[in-house]
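Student: Structure: target26.cif, mmCIF, C-alpha atoms.
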data_protein
#
loop_
_atom_site.label_atom_id
_atom_site.label_comp_id
_atom_site.auth_asym_id
_atom_site.auth_seq_id
_atom_site.Cartn_x
_atom_site.Cartn_y
_atom_site.Cartn_z
CA MET A 1 -16.02 -13.88 46.64
CA LEU A 2 -12.61 -15.50 46.25
CA PHE A 3 -9.59 -13.62 47.57
CA LEU A 4 -6.32 -14.93 46.09
CA ASP A 5 -3.62 -13.99 48.57
CA GLY A 6 -1.13 -16.82 48.38
CA GLY A 7 -0.88 -20.34 47.10
CA GLY A 8 1.27 -19.44 44.13
CA PHE A 9 -1.33 -17.96 41.76
CA LYS A 10 0.91 -15.03 40.82
CA GLN A 11 3.72 -17.44 39.90
CA GLU A 12 1.55 -20.01 38.07
CA PRO A 13 -1.71 -18.38 36.95
CA SER A 14 -2.18 -20.71 33.98
CA ALA A 15 -1.99 -23.73 36.29
CA LEU A 16 -4.00 -22.38 39.23
CA GLY A 17 -6.34 -19.95 37.47
CA PRO A 18 -8.75 -22.57 36.08
CA LEU A 19 -9.18 -24.03 39.57
CA ALA A 20 -9.89 -20.57 40.98
CA LEU A 21 -12.45 -19.90 38.24
CA SER A 22 -14.15 -23.23 38.89
CA LEU A 23 -14.91 -22.01 42.42
CA LEU A 24 -16.72 -18.89 41.17
CA ALA A 25 -20.40 -18.86 40.33
CA PRO A 26 -21.57 -16.46 37.62
CA GLY A 27 -21.36 -12.99 39.13
CA GLY A 28 -18.84 -14.17 41.73
CA LEU A 29 -15.91 -11.90 42.51
CA LEU A 30 -12.22 -12.70 42.47
CA VAL A 31 -9.75 -10.31 44.11
CA ILE A 32 -5.94 -10.31 44.02
CA ASP A 33 -3.82 -7.68 45.72
CA ASP A 34 -0.19 -6.69 46.31
CA LEU A 35 0.45 -5.88 42.66
CA THR A 36 2.98 -3.24 41.62
CA PRO A 37 1.29 -0.50 39.58
CA GLY A 38 2.86 0.34 36.24
CA ARG A 39 5.01 -2.79 36.20
CA SER A 40 6.84 -3.06 32.90
CA GLY A 41 7.06 -6.28 30.98
CA HIS A 42 4.69 -9.22 30.82
CA ASP A 43 2.85 -10.11 34.03
CA PRO A 44 1.17 -13.53 33.68
CA ALA A 45 -1.21 -13.01 36.62
CA ARG A 46 -2.45 -9.68 35.27
CA ALA A 47 -2.77 -11.10 31.77
CA PHE A 48 -4.76 -14.10 33.01
CA LEU A 49 -7.27 -11.97 34.91
CA LEU A 50 -7.55 -8.94 32.63
CA GLU A 51 -7.68 -10.88 29.35
CA HIS A 52 -9.73 -13.95 30.34
CA GLY A 53 -12.96 -14.23 28.37
CA GLU A 54 -14.98 -15.44 31.37
CA LEU A 55 -14.04 -12.44 33.51
CA ALA A 56 -14.78 -8.73 33.55
CA ALA A 57 -11.79 -7.32 35.44
CA VAL A 58 -10.31 -3.98 36.43
CA GLU A 59 -7.05 -3.02 38.11
CA ILE A 60 -7.39 -0.43 40.87
CA LEU A 61 -4.76 1.57 42.69
CA THR A 62 -4.96 0.81 46.43
CA THR A 63 -2.02 2.99 47.50
CA PRO A 64 0.53 4.94 45.44
CA ALA A 65 2.74 1.82 45.51
CA THR A 66 0.22 -1.05 45.30
CA ALA A 67 -2.68 -2.18 43.15
CA ALA A 68 -5.36 -4.87 43.14
CA ILE A 69 -7.47 -6.55 40.49
CA VAL A 70 -11.18 -7.14 41.03
CA ALA A 71 -12.80 -9.51 38.56
CA ALA A 72 -16.39 -10.73 38.18
CA ARG A 73 -17.23 -14.00 36.49
CA ARG A 74 -19.49 -13.42 33.50
CA SER A 75 -22.84 -15.20 33.34
#
Is it possible to give me this structure as structure tokens?
Tutor:
Amino acid sequence: MLFLDGGGFKQEPSALGPLALSLLAPGGLLVIDDLTPGRSGHDPARAFLLEHGELAAVEILTTPATAAIVAARRS
């Protein structure tokens, strides 16, 4: 399991995302938190995780004001 909680991923997911994915074995989990639910506009970090072909990802509400994404690397 890889927990992304710093290091700039949210600001530069296209630059740091491939490195994060390289650390995950098939079936490995990636978690990112402190997201704002219902955020309008494009969110590059959400797009990277939720739309990436090597990941099965879901956004979950953790409190009424925060969300997280849990993603599993496909085999």
Student: Got a sec to resolve the PyMOL selection byres ((chain A and resi 21-26) around 9) on this structure and send the residues as a PDB file with C-alpha atoms, in the coordinates of the input?
Tutor:
ATOM      1  CA  MET A   1     -16.020 -13.880  46.640  1.00  0.00           C
ATOM      2  CA  LEU A   2     -12.610 -15.500  46.250  1.00  0.00           C
ATOM      3  CA  LEU A  16      -4.000 -22.380  39.230  1.00  0.00           C
ATOM      4  CA  GLY A  17      -6.340 -19.950  37.470  1.00  0.00           C
ATOM      5  CA  PRO A  18      -8.750 -22.570  36.080  1.00  0.00           C
ATOM      6  CA  LEU A  19      -9.180 -24.030  39.570  1.00  0.00           C
ATOM      7  CA  ALA A  20      -9.890 -20.570  40.980  1.00  0.00           C
ATOM      8  CA  GLY A  27     -21.360 -12.990  39.130  1.00  0.00           C
ATOM      9  CA  GLY A  28     -18.840 -14.170  41.730  1.00  0.00           C
ATOM     10  CA  LEU A  29     -15.910 -11.900  42.510  1.00  0.00           C
ATOM     11  CA  LEU A  30     -12.220 -12.700  42.470  1.00  0.00           C
ATOM     12  CA  GLU A  54     -14.980 -15.440  31.370  1.00  0.00           C
ATOM     13  CA  LEU A  55     -14.040 -12.440  33.510  1.00  0.00           C
ATOM     14  CA  ALA A  72     -16.390 -10.730  38.180  1.00  0.00           C
ATOM     15  CA  ARG A  73     -17.230 -14.000  36.490  1.00  0.00           C
ATOM     16  CA  ARG A  74     -19.490 -13.420  33.500  1.00  0.00           C
ATOM     17  CA  SER A  75     -22.840 -15.200  33.340  1.00  0.00           C
TER      18      SER A  75
END
Student: Give the centre and edge lengths of an axis-aligned box, in Å to one decimal, that holds all listed atoms of range 31-44 of chain A with 3 Å on each side, as lines of an AutoDock Vina configuration file.
Tutor:
center_x = -1.3
center_y = -6.6
center_z = 38.6
size_x = 22.8
size_y = 19.9
size_z = 21.5
Student: Can you translate the PyMOL selection byres ((chain A and resi 67) around 10) into the concrete residues it hits in this file, as a short mmCIF file (atom, residue, chain, number, x, y, z; two decimals) with C-alpha atoms, in the coordinates of the input?
Tutor:
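Contents of result01.cif, freshly written:
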data_model
loop_
_atom_site.label_atom_id
_atom_site.label_comp_id
_atom_site.auth_asym_id
_atom_site.auth_seq_id
_atom_site.Cartn_x
_atom_site.Cartn_y
_atom_site.Cartn_z
CA ILE A 32 -5.94 -10.31 44.02
CA ASP A 33 -3.82 -7.68 45.72
CA ASP A 34 -0.19 -6.69 46.31
CA LEU A 35 0.45 -5.88 42.66
CA THR A 36 2.98 -3.24 41.62
CA PRO A 37 1.29 -0.50 39.58
CA GLY A 38 2.86 0.34 36.24
CA GLU A 59 -7.05 -3.02 38.11
CA ILE A 60 -7.39 -0.43 40.87
CA LEU A 61 -4.76 1.57 42.69
CA THR A 62 -4.96 0.81 46.43
CA THR A 63 -2.02 2.99 47.50
CA PRO A 64 0.53 4.94 45.44
CA ALA A 65 2.74 1.82 45.51
CA THR A 66 0.22 -1.05 45.30
CA ALA A 68 -5.36 -4.87 43.14
CA ILE A 69 -7.47 -6.55 40.49
#
Student: How many Å separate CA of Ser14 in chain A from CA of Leu49 in chain A?
Tutor: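 So the two atoms, CA of Ser14 in chain A and CA of Leu49 in chain A, lie 10.2 Å apart.
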Student: Report, in Å with one decimal, the straight-line distance from CA of Ser40 in chain A to CA of Gly7 in chain A.
Tutor: 23.7 Å
Student: Taking all atoms listed in the file into account, which of A:Ala15, A:Ala45, A:Val70, A:Leu4 comes nearest Ala57 in chain A?
Tutor: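 Once distances to Ala57 in chain A are computed over all atoms listed in the file, the minimum belongs to A:Val70.
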Student: What does the distance between CA of Asp43 in chain A and CA of Glu12 in chain A come to in Å, to one decimal place?
Tutor: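 About the pair CA of Asp43 in chain A and CA of Glu12 in chain A: they are 10.8 Å apart.
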Student: For each of A:Val31, A:Glu51, A:Val58, A:Ala71, take the minimum atom-to-atom distance to Gly6 in chain A, counting only C-alpha atoms, then give the residue where this is smallest.
Tutor: A:Val31
Student: Any chance you could model N, CA and C atoms for range 47-60 of chain A and send them as a CSV table (one decimal), in the frame of the given file?
Tutor:
chain,number,residue,atom,x,y,z
A,47,ALA,N,-2.3,-10.7,33.1
A,47,ALA,CA,-2.8,-11.1,31.8
A,47,ALA,C,-3.9,-12.1,31.9
A,48,PHE,N,-3.7,-13.1,32.8
A,48,PHE,CA,-4.8,-14.1,33.0
A,48,PHE,C,-6.1,-13.5,33.4
A,49,LEU,N,-6.0,-12.6,34.4
A,49,LEU,CA,-7.3,-12.0,34.9
A,49,LEU,C,-7.9,-10.9,34.0
A,50,LEU,N,-7.0,-10.0,33.4
A,50,LEU,CA,-7.6,-8.9,32.6
A,50,LEU,C,-7.9,-9.4,31.2
A,51,GLU,N,-7.4,-10.5,30.7
A,51,GLU,CA,-7.7,-10.9,29.4
A,51,GLU,C,-8.6,-12.1,29.2
A,52,HIS,N,-8.9,-12.7,30.4
A,52,HIS,CA,-9.7,-14.0,30.3
A,52,HIS,C,-11.2,-13.7,29.9
A,53,GLY,N,-11.6,-14.4,29.0
A,53,GLY,CA,-13.0,-14.2,28.4
A,53,GLY,C,-14.1,-14.4,29.3
A,54,GLU,N,-13.9,-15.2,30.4
A,54,GLU,CA,-15.0,-15.4,31.4
A,54,GLU,C,-15.0,-14.4,32.5
A,55,LEU,N,-14.1,-13.4,32.4
A,55,LEU,CA,-14.0,-12.4,33.5
A,55,LEU,C,-14.2,-11.0,33.0
A,56,ALA,N,-14.8,-10.2,33.8
A,56,ALA,CA,-14.8,-8.7,33.6
A,56,ALA,C,-13.9,-8.2,34.7
A,57,ALA,N,-12.8,-7.7,34.4
A,57,ALA,CA,-11.8,-7.3,35.4
A,57,ALA,C,-11.3,-5.9,35.3
A,58,VAL,N,-10.9,-5.3,36.4
A,58,VAL,CA,-10.3,-4.0,36.4
A,58,VAL,C,-9.2,-3.9,37.5
A,59,GLU,N,-8.1,-3.2,37.2
A,59,GLU,CA,-7.0,-3.0,38.1
A,59,GLU,C,-7.3,-1.7,38.8
A,60,ILE,N,-7.2,-1.7,40.1
A,60,ILE,CA,-7.4,-0.4,40.9
A,60,ILE,C,-6.2,-0.1,41.7
